[in-house]
$ cat work_9.tsv   # TSV, C-alpha atoms and all ligand atoms
chain	number	residue	atom	x	y	z
A	1267	MET	CA	-10.08	7.78	-18.37
A	1268	LYS	CA	-7.28	10.14	-17.40
A	1269	ILE	CA	-3.66	10.00	-16.33
A	1270	GLU	CA	-3.79	11.06	-12.70
A	1271	ARG	CA	-0.17	10.72	-11.60
A	1272	ALA	CA	3.21	9.87	-13.02
A	1273	TYR	CA	6.55	9.66	-11.24
A	1274	THR	CA	10.06	8.33	-11.65
A	1275	ILE	CA	11.66	5.67	-9.45
A	1276	VAL	CA	15.46	5.47	-9.36
A	1277	THR	CA	16.97	2.38	-7.79
A	1278	SER	CA	20.30	0.60	-7.85
A	1279	PRO	CA	20.04	-3.13	-7.08
A	1280	GLY	CA	23.59	-3.75	-8.33
A	1281	ARG	CA	23.34	-1.05	-10.98
A	1282	ASN	CA	21.17	2.01	-11.65
A	1283	PHE	CA	17.71	1.80	-13.18
A	1284	VAL	CA	15.16	4.52	-13.90
A	1285	THR	CA	11.50	3.53	-14.08
A	1286	LEU	CA	8.51	5.69	-14.95
A	1287	LYS	CA	5.17	4.77	-13.40
A	1288	ILE	CA	1.95	6.17	-14.88
A	1289	VAL	CA	-1.21	5.86	-12.78
A	1290	THR	CA	-4.73	6.40	-14.16
A	1291	ASP	CA	-7.76	7.76	-12.33
A	1292	GLN	CA	-9.19	4.21	-12.42
A	1293	GLY	CA	-6.23	2.78	-10.55
A	1294	VAL	CA	-4.75	0.87	-13.50
A	1295	TYR	CA	-1.05	1.70	-13.89
A	1296	GLY	CA	1.76	1.01	-16.32
A	1297	ILE	CA	5.54	1.14	-16.02
A	1298	GLY	CA	8.25	2.01	-18.54
A	1299	ASP	CA	12.05	1.76	-18.48
A	1300	ALA	CA	13.94	5.06	-18.83
A	1301	THR	CA	17.47	3.85	-18.03
A	1302	LEU	CA	20.29	5.51	-19.99
A	1303	ASN	CA	23.52	4.01	-18.65
A	1304	GLY	CA	25.82	6.63	-17.10
A	1305	ARG	CA	23.33	9.46	-17.84
A	1306	GLU	CA	20.40	8.26	-15.73
A	1307	MET	CA	19.61	11.53	-13.97
A	1308	ALA	CA	19.45	13.50	-17.23
A	1309	VAL	CA	16.42	11.41	-18.26
A	1310	VAL	CA	14.89	11.78	-14.78
A	1311	ALA	CA	15.18	15.59	-15.07
A	1312	TYR	CA	13.71	15.56	-18.60
A	1313	LEU	CA	10.76	13.47	-17.43
A	1314	GLU	CA	10.10	15.33	-14.19
A	1315	GLU	CA	10.62	18.86	-15.44
A	1316	HIS	CA	9.11	18.62	-18.91
A	1317	VAL	CA	7.20	15.43	-19.68
A	1318	ILE	CA	5.25	14.46	-16.56
A	1319	PRO	CA	3.50	17.85	-16.15
A	1320	MET	CA	2.23	17.51	-19.74
A	1321	LEU	CA	0.86	14.01	-19.16
A	1322	ILE	CA	-1.47	14.75	-16.27
A	1323	GLY	CA	-5.11	14.78	-17.35
A	1324	ARG	CA	-4.48	13.15	-20.75
A	1325	ASP	CA	-6.34	10.08	-21.97
A	1326	PRO	CA	-3.88	7.14	-21.64
A	1327	HIS	CA	-5.60	5.32	-24.52
A	1328	ARG	CA	-4.18	7.86	-27.01
A	1329	ILE	CA	-0.67	6.40	-27.25
A	1330	GLU	CA	-0.02	7.58	-30.79
A	1331	ASP	CA	-1.14	11.14	-30.15
A	1332	ILE	CA	0.85	11.37	-26.92
A	1333	TRP	CA	3.95	10.06	-28.73
A	1334	HIS	CA	3.73	12.80	-31.37
A	1335	TYR	CA	2.85	15.40	-28.77
A	1336	LEU	CA	6.10	14.63	-26.95
A	1337	TYR	CA	8.21	14.20	-30.11
A	1338	ARG	CA	6.98	16.90	-32.49
A	1339	GLY	CA	5.65	19.05	-29.71
A	1340	ALA	CA	9.05	19.53	-28.09
A	1341	TYR	CA	10.41	21.12	-31.31
A	1342	TRP	CA	13.86	19.71	-30.30
A	1343	ARG	CA	13.71	16.24	-31.77
A	1344	ARG	CA	15.60	13.00	-31.16
A	1345	GLY	CA	18.67	12.39	-28.99
A	1346	PRO	CA	19.08	9.64	-26.37
A	1347	VAL	CA	17.74	11.63	-23.40
A	1348	THR	CA	14.57	12.77	-25.16
A	1349	MET	CA	13.92	9.44	-26.83
A	1350	SER	CA	14.48	7.43	-23.61
A	1351	ALA	CA	11.99	9.67	-21.82
A	1352	ILE	CA	9.42	9.28	-24.61
A	1353	ALA	CA	10.09	5.53	-24.65
A	1354	ALA	CA	9.36	5.21	-20.94
A	1355	VAL	CA	5.99	6.95	-21.42
A	1356	ASP	CA	5.22	4.81	-24.47
A	1357	ILE	CA	6.07	1.48	-22.81
A	1358	ALA	CA	4.02	2.42	-19.73
A	1359	LEU	CA	1.03	3.39	-21.92
A	1360	TRP	CA	1.17	0.11	-23.88
A	1361	ASP	CA	1.31	-1.69	-20.54
A	1362	ILE	CA	-1.85	0.15	-19.45
A	1363	LYS	CA	-3.63	-0.52	-22.75
A	1364	ALA	CA	-2.86	-4.22	-22.62
A	1365	LYS	CA	-3.95	-4.43	-18.97
A	1366	LEU	CA	-7.23	-2.71	-19.84
A	1367	ALA	CA	-7.74	-5.13	-22.73
A	1368	GLY	CA	-6.96	-8.03	-20.38
A	1369	MET	CA	-4.33	-9.27	-22.85
A	1370	PRO	CA	-0.60	-9.88	-22.88
A	1371	LEU	CA	1.04	-7.12	-24.90
A	1372	TYR	CA	2.03	-9.37	-27.83
A	1373	GLN	CA	-1.68	-9.91	-28.56
A	1374	LEU	CA	-2.24	-6.19	-29.08
A	1375	LEU	CA	0.74	-6.00	-31.41
A	1376	GLY	CA	-0.74	-8.67	-33.67
A	1377	GLY	CA	-0.32	-11.98	-31.86
A	1378	LYS	CA	2.40	-14.60	-31.85
A	1379	SER	CA	4.64	-15.07	-34.87
A	1380	ARG	CA	6.65	-17.70	-32.96
A	1381	GLU	CA	6.44	-19.82	-29.85
A	1382	ARG	CA	9.75	-18.72	-28.35
A	1383	VAL	CA	12.46	-16.14	-28.79
A	1384	MET	CA	16.07	-17.20	-29.39
A	1385	VAL	CA	18.59	-15.35	-27.25
A	1386	TYR	CA	22.34	-15.00	-27.22
A	1387	GLY	CA	24.37	-15.02	-24.02
A	1388	HIS	CA	27.79	-13.51	-23.25
A	1389	ALA	CA	30.92	-15.63	-22.90
A	1390	THR	CA	34.01	-13.75	-21.71
A	1391	GLY	CA	37.44	-14.82	-20.52
A	1392	ARG	CA	40.89	-13.35	-19.92
A	1393	ASP	CA	42.33	-15.58	-22.65
A	1394	ILE	CA	41.06	-17.96	-25.32
A	1395	GLU	CA	41.02	-21.03	-23.07
A	1396	ALA	CA	39.06	-19.32	-20.27
A	1397	CYS	CA	36.69	-17.91	-22.86
A	1398	LEU	CA	36.05	-21.31	-24.44
A	1399	ASP	CA	35.18	-22.70	-21.00
A	1400	GLU	CA	32.59	-19.96	-20.65
A	1401	VAL	CA	31.18	-20.82	-24.09
A	1402	ALA	CA	30.95	-24.45	-22.91
A	1403	ARG	CA	29.07	-23.36	-19.78
A	1404	HIS	CA	26.54	-21.51	-21.96
A	1405	VAL	CA	26.11	-24.51	-24.24
A	1406	ASP	CA	25.50	-26.67	-21.15
A	1407	GLU	CA	22.85	-24.19	-20.00
A	1408	GLY	CA	21.05	-24.61	-23.31
A	1409	TYR	CA	22.13	-21.52	-25.25
A	1410	LYS	CA	22.01	-21.89	-29.04
A	1411	ALA	CA	23.84	-18.60	-29.60
A	1412	VAL	CA	26.79	-17.09	-27.72
A	1413	ARG	CA	28.62	-13.79	-28.02
A	1414	VAL	CA	32.35	-14.42	-27.64
A	1415	GLN	CA	34.74	-11.76	-26.25
A	1416	ALA	CA	38.23	-12.69	-25.01
A	1417	GLY	CA	41.12	-10.75	-23.54
A	1418	VAL	CA	43.79	-9.74	-26.06
A	1419	PRO	CA	47.50	-10.21	-25.23
A	1420	GLY	CA	49.06	-6.79	-24.60
A	1421	ILE	CA	45.74	-5.01	-23.86
A	1422	ALA	CA	45.22	-4.70	-20.09
A	1423	SER	CA	41.47	-4.15	-19.99
A	1424	ILE	CA	39.16	-4.77	-22.90
A	1425	TYR	CA	35.51	-4.28	-23.72
A	1426	GLY	CA	33.20	-7.15	-22.83
A	1427	VAL	CA	35.60	-9.09	-20.61
A	1428	ALA	CA	34.86	-9.33	-16.88
A	1429	LYS	CA	37.59	-8.10	-14.52
A	1430	LYS	CA	37.81	-11.44	-12.67
A	1431	GLU	CA	37.05	-14.98	-13.82
A	1432	GLY	CA	33.50	-15.96	-12.99
A	1433	GLU	CA	32.38	-12.33	-12.50
A	1434	ARG	CA	29.80	-10.65	-14.69
A	1435	TYR	CA	30.90	-7.97	-17.10
A	1436	GLU	CA	29.68	-4.54	-15.92
A	1437	PRO	CA	31.25	-1.55	-17.64
A	1438	ALA	CA	29.84	1.30	-15.50
A	1439	ASP	CA	31.93	0.46	-12.48
A	1440	SER	CA	33.34	3.74	-11.20
A	1441	ASP	CA	32.14	7.16	-10.11
A	1442	LEU	CA	34.08	8.93	-12.88
A	1443	PRO	CA	35.12	7.22	-16.13
A	1444	ALA	CA	37.93	4.66	-15.89
A	1445	GLU	CA	40.53	4.95	-18.68
A	1446	HIS	CA	41.34	1.96	-20.90
A	1447	VAL	CA	44.14	1.66	-23.46
A	1448	TRP	CA	43.36	0.25	-26.88
A	1449	SER	CA	45.47	-1.24	-29.68
A	1450	THR	CA	43.72	-1.96	-32.97
A	1451	SER	CA	46.60	-4.00	-34.37
A	1452	LYS	CA	46.83	-6.32	-31.33
A	1453	TYR	CA	43.06	-6.81	-31.44
A	1454	LEU	CA	42.88	-7.50	-35.18
A	1455	ASN	CA	45.68	-10.06	-34.97
A	1456	HIS	CA	43.93	-11.90	-32.17
A	1457	VAL	CA	40.23	-12.17	-33.06
A	1458	PRO	CA	40.52	-14.66	-35.97
A	1459	LYS	CA	42.52	-16.99	-33.66
A	1460	LEU	CA	39.70	-16.82	-31.10
A	1461	PHE	CA	37.05	-17.85	-33.62
A	1462	ALA	CA	39.22	-20.57	-35.12
A	1463	ALA	CA	39.46	-22.05	-31.61
A	1464	VAL	CA	35.70	-21.69	-31.05
A	1465	ARG	CA	34.85	-23.62	-34.24
A	1466	GLU	CA	37.52	-26.20	-33.52
A	1467	ARG	CA	36.03	-26.98	-30.10
A	1468	PHE	CA	32.29	-26.47	-30.71
A	1469	GLY	CA	31.82	-27.40	-34.37
A	1470	ASP	CA	29.63	-25.63	-36.92
A	1471	ASP	CA	26.17	-25.55	-35.36
A	1472	LEU	CA	26.55	-23.10	-32.48
A	1473	HIS	CA	25.66	-19.51	-33.44
A	1474	VAL	CA	28.58	-17.26	-32.51
A	1475	LEU	CA	28.56	-13.47	-32.37
A	1476	HIS	CA	31.14	-10.78	-31.69
A	1477	ASP	CA	30.93	-7.13	-30.62
A	1478	VAL	CA	33.64	-4.74	-31.89
A	1479	HIS	CA	32.12	-1.87	-29.90
A	1480	HIS	CA	32.72	0.81	-32.54
A	1481	ARG	CA	36.54	0.59	-32.41
A	1482	LEU	CA	37.62	0.11	-36.02
A	1483	THR	CA	37.81	2.23	-39.14
A	1484	PRO	CA	35.83	1.00	-42.18
A	1485	ILE	CA	38.82	-0.60	-43.91
A	1486	GLU	CA	39.90	-2.31	-40.67
A	1487	ALA	CA	36.36	-3.60	-40.20
A	1488	ALA	CA	36.39	-4.89	-43.77
A	1489	ARG	CA	39.61	-6.81	-43.01
A	1490	LEU	CA	38.15	-8.33	-39.84
A	1491	GLY	CA	34.92	-9.29	-41.61
A	1492	LYS	CA	36.90	-11.08	-44.33
A	1493	GLU	CA	39.23	-12.83	-41.93
A	1494	VAL	CA	36.42	-14.30	-39.82
A	1495	GLU	CA	34.36	-15.45	-42.83
A	1496	PRO	CA	35.59	-19.06	-42.50
A	1497	TYR	CA	34.10	-19.20	-38.98
A	1498	ASN	CA	30.60	-18.24	-40.10
A	1499	LEU	CA	29.62	-15.63	-37.49
A	1500	PHE	CA	25.94	-15.00	-36.79
A	1501	TRP	CA	26.95	-11.35	-36.74
A	1502	LEU	CA	29.75	-8.85	-36.30
A	1503	GLU	CA	28.39	-6.01	-34.18
A	1504	ASP	CA	29.16	-2.27	-34.20
A	1505	CYS	CA	32.32	-2.73	-36.24
A	1506	VAL	CA	32.61	1.04	-36.79
A	1507	PRO	CA	30.91	4.06	-35.22
A	1508	ALA	CA	27.69	4.56	-37.19
A	1509	GLU	CA	27.13	8.31	-37.27
A	1510	ASN	CA	28.44	8.08	-40.81
A	1511	GLN	CA	26.07	5.49	-42.24
A	1512	GLU	CA	27.98	5.41	-45.56
A	1513	ALA	CA	30.89	3.68	-43.82
A	1514	PHE	CA	28.87	0.47	-43.92
A	1515	GLY	CA	28.65	0.66	-47.70
A	1516	LEU	CA	32.42	0.28	-47.87
A	1517	ILE	CA	32.52	-2.62	-45.38
A	1518	ARG	CA	29.69	-4.41	-47.15
A	1519	GLN	CA	31.59	-4.51	-50.46
A	1520	HIS	CA	34.35	-6.54	-48.85
A	1521	THR	CA	32.70	-9.15	-46.68
A	1522	THR	CA	29.79	-11.57	-46.40
A	1523	THR	CA	30.03	-11.62	-42.58
A	1524	PRO	CA	26.57	-10.45	-41.40
A	1525	LEU	CA	26.61	-6.99	-39.80
A	1526	ALA	CA	24.62	-5.75	-36.81
A	1527	VAL	CA	24.36	-2.19	-35.59
A	1528	GLY	CA	22.14	0.21	-33.67
A	1529	GLU	CA	22.35	-0.15	-29.88
A	1530	VAL	CA	23.13	3.58	-29.61
A	1531	PHE	CA	20.51	4.62	-32.18
A	1532	ASN	CA	17.50	6.51	-30.95
A	1533	SER	CA	15.53	7.11	-34.13
A	1534	LEU	CA	14.55	5.65	-37.46
A	1535	PHE	CA	16.66	8.34	-39.10
A	1536	ASP	CA	19.83	6.87	-37.55
A	1537	ALA	CA	19.19	3.66	-39.47
A	1538	LYS	CA	17.34	4.76	-42.62
A	1539	THR	CA	20.31	4.84	-45.00
A	1540	LEU	CA	21.77	1.63	-43.56
A	1541	ILE	CA	18.50	-0.21	-44.03
A	1542	GLU	CA	17.50	1.15	-47.43
A	1543	ASN	CA	20.91	0.26	-48.86
A	1544	GLN	CA	20.85	-3.20	-47.31
A	1545	TRP	CA	24.23	-2.52	-45.75
A	1546	ILE	CA	23.28	-4.28	-42.50
A	1547	ASP	CA	21.58	-7.53	-41.55
A	1548	TYR	CA	20.38	-6.85	-38.00
A	1549	ILE	CA	19.07	-3.70	-36.37
A	1550	ARG	CA	19.69	-3.41	-32.61
A	1551	ALA	CA	17.79	-0.27	-31.60
A	1552	THR	CA	16.00	-0.90	-28.29
A	1553	LEU	CA	12.57	0.00	-27.06
A	1554	THR	CA	14.04	2.03	-24.18
A	1555	HIS	CA	16.43	4.20	-26.19
A	1556	ALA	CA	14.52	4.56	-29.44
A	1557	GLY	CA	11.14	5.95	-28.49
A	1558	GLY	CA	9.38	2.83	-27.26
A	1559	ILE	CA	7.14	0.34	-29.01
A	1560	THR	CA	5.44	2.97	-31.16
A	1561	HIS	CA	8.69	4.05	-32.83
A	1562	VAL	CA	10.69	0.82	-32.86
A	1563	ARG	CA	7.75	-0.84	-34.62
A	1564	ARG	CA	8.26	1.65	-37.46
A	1565	ILE	CA	11.98	0.84	-37.59
A	1566	ALA	CA	11.25	-2.90	-37.67
A	1567	ASP	CA	8.67	-2.48	-40.44
A	1568	LEU	CA	11.08	-0.49	-42.61
A	1569	ALA	CA	13.81	-3.06	-41.89
A	1570	GLY	CA	11.50	-5.89	-42.94
A	1571	LEU	CA	11.17	-4.44	-46.43
A	1572	TYR	CA	14.95	-4.79	-46.87
A	1573	HIS	CA	15.53	-8.23	-45.32
A	1574	VAL	CA	16.96	-6.69	-42.15
A	1575	ARG	CA	15.99	-8.50	-38.95
A	1576	THR	CA	15.80	-7.39	-35.33
A	1577	GLY	CA	18.49	-8.18	-32.77
A	1578	PHE	CA	17.61	-5.99	-29.81
A	1579	HIS	CA	20.20	-4.73	-27.40
A	1580	GLY	CA	19.64	-6.44	-24.03
A	1581	PRO	CA	22.48	-5.76	-21.60
A	1582	THR	CA	21.97	-5.59	-17.82
A	1583	ASP	CA	21.84	-1.81	-18.08
A	1584	LEU	CA	18.35	-2.07	-19.56
A	1585	SER	CA	15.90	-3.01	-16.82
A	1586	PRO	CA	13.66	-6.10	-16.78
A	1587	VAL	CA	10.88	-3.70	-17.84
A	1588	CYS	CA	12.64	-3.15	-21.18
A	1589	LEU	CA	13.46	-6.85	-21.50
A	1590	GLY	CA	9.88	-7.89	-20.71
A	1591	ALA	CA	8.41	-5.51	-23.28
A	1592	ALA	CA	11.08	-6.59	-25.80
A	1593	ILE	CA	10.11	-10.25	-25.40
A	1594	HIS	CA	6.52	-9.37	-26.32
A	1595	PHE	CA	7.78	-7.42	-29.32
A	1596	ASP	CA	10.11	-10.28	-30.33
A	1597	THR	CA	7.26	-12.77	-30.04
A	1598	TRP	CA	5.20	-10.70	-32.47
A	1599	VAL	CA	7.62	-9.02	-34.91
A	1600	PRO	CA	7.65	-10.88	-38.25
A	1601	ASN	CA	11.30	-10.09	-39.03
A	1602	PHE	CA	12.73	-11.26	-35.70
A	1603	GLY	CA	16.40	-12.30	-35.63
A	1604	ILE	CA	17.65	-12.77	-32.06
A	1605	GLN	CA	17.46	-11.15	-28.61
A	1606	GLU	CA	20.49	-10.27	-26.48
A	1607	TYR	CA	20.33	-11.58	-22.90
A	1608	MET	CA	22.61	-10.77	-19.98
A	1609	PRO	CA	20.95	-12.14	-16.85
A	1610	HIS	CA	20.16	-9.50	-14.22
A	1611	THR	CA	21.31	-9.92	-10.62
A	1612	SER	CA	18.87	-11.67	-8.30
A	1613	ALA	CA	18.42	-8.36	-6.44
A	1614	THR	CA	17.29	-6.77	-9.73
A	1615	ASP	CA	14.93	-9.66	-10.45
A	1616	ASP	CA	13.42	-9.21	-6.96
A	1617	VAL	CA	12.85	-5.48	-7.51
A	1618	PHE	CA	11.21	-6.17	-10.90
A	1619	PRO	CA	8.97	-9.27	-10.61
A	1620	HIS	CA	8.26	-10.61	-14.12
A	1621	ASP	CA	6.50	-13.42	-15.95
A	1622	TYR	CA	8.93	-14.14	-18.82
A	1623	HIS	CA	11.31	-17.05	-18.40
A	1624	PHE	CA	14.39	-18.60	-19.98
A	1625	GLU	CA	14.21	-22.17	-21.28
A	1626	ASP	CA	16.59	-24.08	-23.53
A	1627	GLY	CA	18.29	-21.02	-25.04
A	1628	HIS	CA	15.04	-19.11	-25.57
A	1629	PHE	CA	12.71	-16.72	-23.78
A	1630	ILE	CA	9.10	-17.72	-23.35
A	1631	VAL	CA	6.73	-14.77	-23.16
A	1632	GLY	CA	4.35	-14.46	-20.18
A	1633	GLU	CA	0.56	-14.48	-20.41
A	1634	ASN	CA	-0.33	-11.85	-17.79
A	1635	PRO	CA	-2.13	-8.74	-19.10
A	1636	GLY	CA	0.33	-5.94	-19.98
A	1637	HIS	CA	4.07	-6.44	-20.53
A	1638	GLY	CA	4.23	-8.68	-17.48
A	1639	VAL	CA	6.84	-6.75	-15.46
A	1640	ASP	CA	6.13	-4.93	-12.20
A	1641	ILE	CA	8.17	-2.97	-9.66
A	1642	ASP	CA	8.35	-3.53	-5.91
A	1643	GLU	CA	8.52	0.08	-4.78
A	1644	ASP	CA	9.26	-0.72	-1.13
A	1645	LEU	CA	12.23	-2.83	-2.14
A	1646	THR	CA	13.60	-0.10	-4.44
A	1647	LYS	CA	14.22	2.06	-1.34
A	1648	GLN	CA	16.88	-0.38	-0.15
A	1649	TYR	CA	19.01	0.42	-3.22
A	1650	PRO	CA	19.75	4.16	-3.51
A	1651	TYR	CA	21.17	5.67	-6.69
A	1652	LYS	CA	24.95	5.78	-6.93
A	1653	ARG	CA	26.59	7.62	-9.83
A	1654	ALA	CA	28.42	5.21	-12.16
A	1655	SER	CA	30.21	6.09	-15.39
A	1656	LEU	CA	31.11	4.13	-18.49
A	1657	PRO	CA	34.87	4.01	-19.22
A	1658	VAL	CA	36.73	5.97	-21.90
A	1659	ASN	CA	39.26	4.48	-24.28
A	1660	ARG	CA	42.61	5.89	-25.40
A	1661	LEU	CA	45.07	4.71	-28.03
A	1662	GLU	CA	48.53	3.78	-26.80
A	1663	ASP	CA	49.76	7.31	-27.59
A	1664	GLY	CA	47.01	8.86	-25.44
A	1665	THR	CA	44.55	9.85	-28.20
A	1666	LEU	CA	40.95	9.59	-27.02
A	1667	TRP	CA	39.32	6.77	-29.00
A	1668	HIS	CA	35.87	5.23	-29.32
A	1669	TRP	CA	34.73	3.21	-26.33
B	1701	LIG	O1	26.26	-5.25	-26.95
B	1701	LIG	C1	26.05	-4.82	-25.83
B	1701	LIG	O2	25.41	-5.38	-24.97
B	1701	LIG	C2	26.58	-3.47	-25.52
B	1701	LIG	O3	27.65	-3.14	-26.32
B	1701	LIG	C3	26.70	-3.11	-24.08
B	1701	LIG	O4	27.64	-3.91	-23.44
B	1701	LIG	C4	26.99	-1.64	-23.96
B	1701	LIG	O5	28.35	-1.39	-23.88
B	1701	LIG	C5	26.32	-1.08	-22.77
B	1701	LIG	O6	24.95	-1.32	-22.90
B	1701	LIG	C6	26.58	0.38	-22.58
B	1701	LIG	O7	25.71	0.89	-21.64
B	1702	MG	MG	27.15	-3.97	-28.24
$ encode --input "work_9.tsv" --output "structure tokens"
Amino acid sequence: MKIERAYTIVTSPGRNFVTLKIVTDQGVYGIGDATLNGREMAVVAYLEEHVIPMLIGRDPHRIEDIWHYLYRGAYWRRGPVTMSAIAAVDIALWDIKAKLAGMPLYQLLGGKSRERVMVYGHATGRDIEACLDEVARHVDEGYKAVRVQAGVPGIASIYGVAKKEGERYEPADSDLPAEHVWSTSKYLNHVPKLFAAVRERFGDDLHVLHDVHHRLTPIEAARLGKEVEPYNLFWLEDCVPAENQEAFGLIRQHTTTPLAVGEVFNSLFDAKTLIENQWIDYIRATLTHAGGITHVRRIADLAGLYHVRTGFHGPTDLSPVCLGAAIHFDTWVPNFGIQEYMPHTSATDDVFPHDYHFEDGHFIVGENPGHGVDIDEDLTKQYPYKRASLPVNRLEDGTLWHW
């Protein structure tokens, strides 16, 4: 069997997605997600100019060899563009392998470790009251875990909070980056009040999470971790930028609040020191940005040795193809923690028909052969690509800060 054709499909049913389709000479095909929010066309160019020509004629069964051919063979290793391109190939090849085996992907990985996959949803609101109402809506819909992000008095626009009540949060909303203004002190003074109010209204059982989005220094993160300890967070996410993995060693000495990190990681080497030192509790690297199933499986296995569990990134800027493959992975992986879930728009769901479904705060994996997600290529043509950029963040004095 040979790979006969491979091509990228760029479509924007509400937001941009890049999909790679690999077609074999026997007609069986697989699809992979290659979406890198705000840098979509860089991955398309990498795939079209460098990766696809090397795939034609190869045996699609040889997933491992193809992975190393693309990773080692490029000489220039790692980086989000490269690793998203490799991931798209890898996810598509696993899809093909599972279709050929006539099995849902989780069976090839080793079978079910659990019946269902717990997810966390996103509650956002301009102020604490509005945010608590959104938490209540999630609880009513069956969620067992909710990420809580509220507006902060004195900060006009803040990460994770939708522009208007009832709208979804979508950060890549303008052609060129919007500019936000950030105040660490206003934020730090506010967050403990938010979680006190959450526990007051919802009691102790609900799992609550919070995303700092890389905005603190290690000692500030240590303070926040300590101050929210009474509210028993499921995790505190991305509390500092993680290029310097040692920063987490400092935070860890000060707080028992569980720490999650890794949505911007693209390789095992981004997480190695964090995992081996047991400085984190959850690893968030995704299939789409970290080299696909073949590589993320290695990250998860290393993490398992050190009591670190998975908590995959799952925003709307990863396509249903990534989410579908992730649900298979989550169903199998022994050290599963939780899966992030931001529902896609109905237009996106129509473009990517899928067999996973949400039920009582969990995902239930599908039973179709492959990863269970397809693409309606005719429909994609109705939604042309439109450049969209993530915002940037500045301190009140104008200094460019972490977004
Ligand atoms: O925890 C999350 O879901 C993330 O922080 C996202 O909201 C990212 O900001 C987005 O994926 C960037 O493209
Ligand atoms: Mg995040």
$ residues_near_ligand --input "work_9.tsv" --ligand "ligand MG 1702 (chain B)" --cutoff "7 Å" --atoms "only C-alpha atoms and all ligand atoms" --output "ChimeraX atom specification"
/A:1477,1479,1503-1504,1529
$ closest_residue --input "work_9.tsv" --among "A:Leu1375, A:Ile1549, A:Val1474, A:Ile1485" --to "His1404 (chain A)" --atoms "all atoms listed in the file"
A:Val1474
$ residues_near_ligand --input "work_9.tsv" --ligand "ligand LIG 1701 (chain B)" --cutoff "9 Å" --atoms "all atoms listed in the file" --output "PyMOL selection string"
chain A and resi 1302-1304+1388+1413+1425-1426+1435-1438+1476-1480+1503-1504+1529-1530+1550+1579-1584+1606-1608+1656+1669
$ residues_around --input "work_9.tsv" --residues "Ile1421 (chain A)" --least-positions-apart "2" --cutoff "7 Å" --atoms "all atoms listed in the file" --output "mmCIF file with C-alpha atoms, keeping the file's coordinate frame"
data_model
loop_
_atom_site.group_PDB
_atom_site.id
_atom_site.type_symbol
_atom_site.label_atom_id
_atom_site.label_comp_id
_atom_site.auth_asym_id
_atom_site.auth_seq_id
_atom_site.Cartn_x
_atom_site.Cartn_y
_atom_site.Cartn_z
ATOM 1 C CA VAL A 1418 43.790 -9.740 -26.060
ATOM 2 C CA PRO A 1419 47.500 -10.210 -25.230
ATOM 3 C CA SER A 1423 41.470 -4.150 -19.990
ATOM 4 C CA ILE A 1424 39.160 -4.770 -22.900
ATOM 5 C CA VAL A 1447 44.140 1.660 -23.460
ATOM 6 C CA TRP A 1448 43.360 0.250 -26.880
ATOM 7 C CA SER A 1449 45.470 -1.240 -29.680
#
$ closest_residue --input "work_9.tsv" --among "A:Thr1290, A:His1561, A:Phe1578, A:Val1310" --to "Thr1277 (chain A)" --atoms "all atoms listed in the file"
A:Val1310
$ residues_around --input "work_9.tsv" --residues "region 1506-1508 of chain A" --least-positions-apart "6" --cutoff "6 Å" --atoms "only C-alpha atoms" --output "list in words"
His1480, Arg1481, Leu1482 and Thr1483 of chain A
$ atom_distance --input "work_9.tsv" --atom1 "CA of Arg1382 (chain A)" --atom2 "CA of Pro1524 (chain A)"
22.8 Å
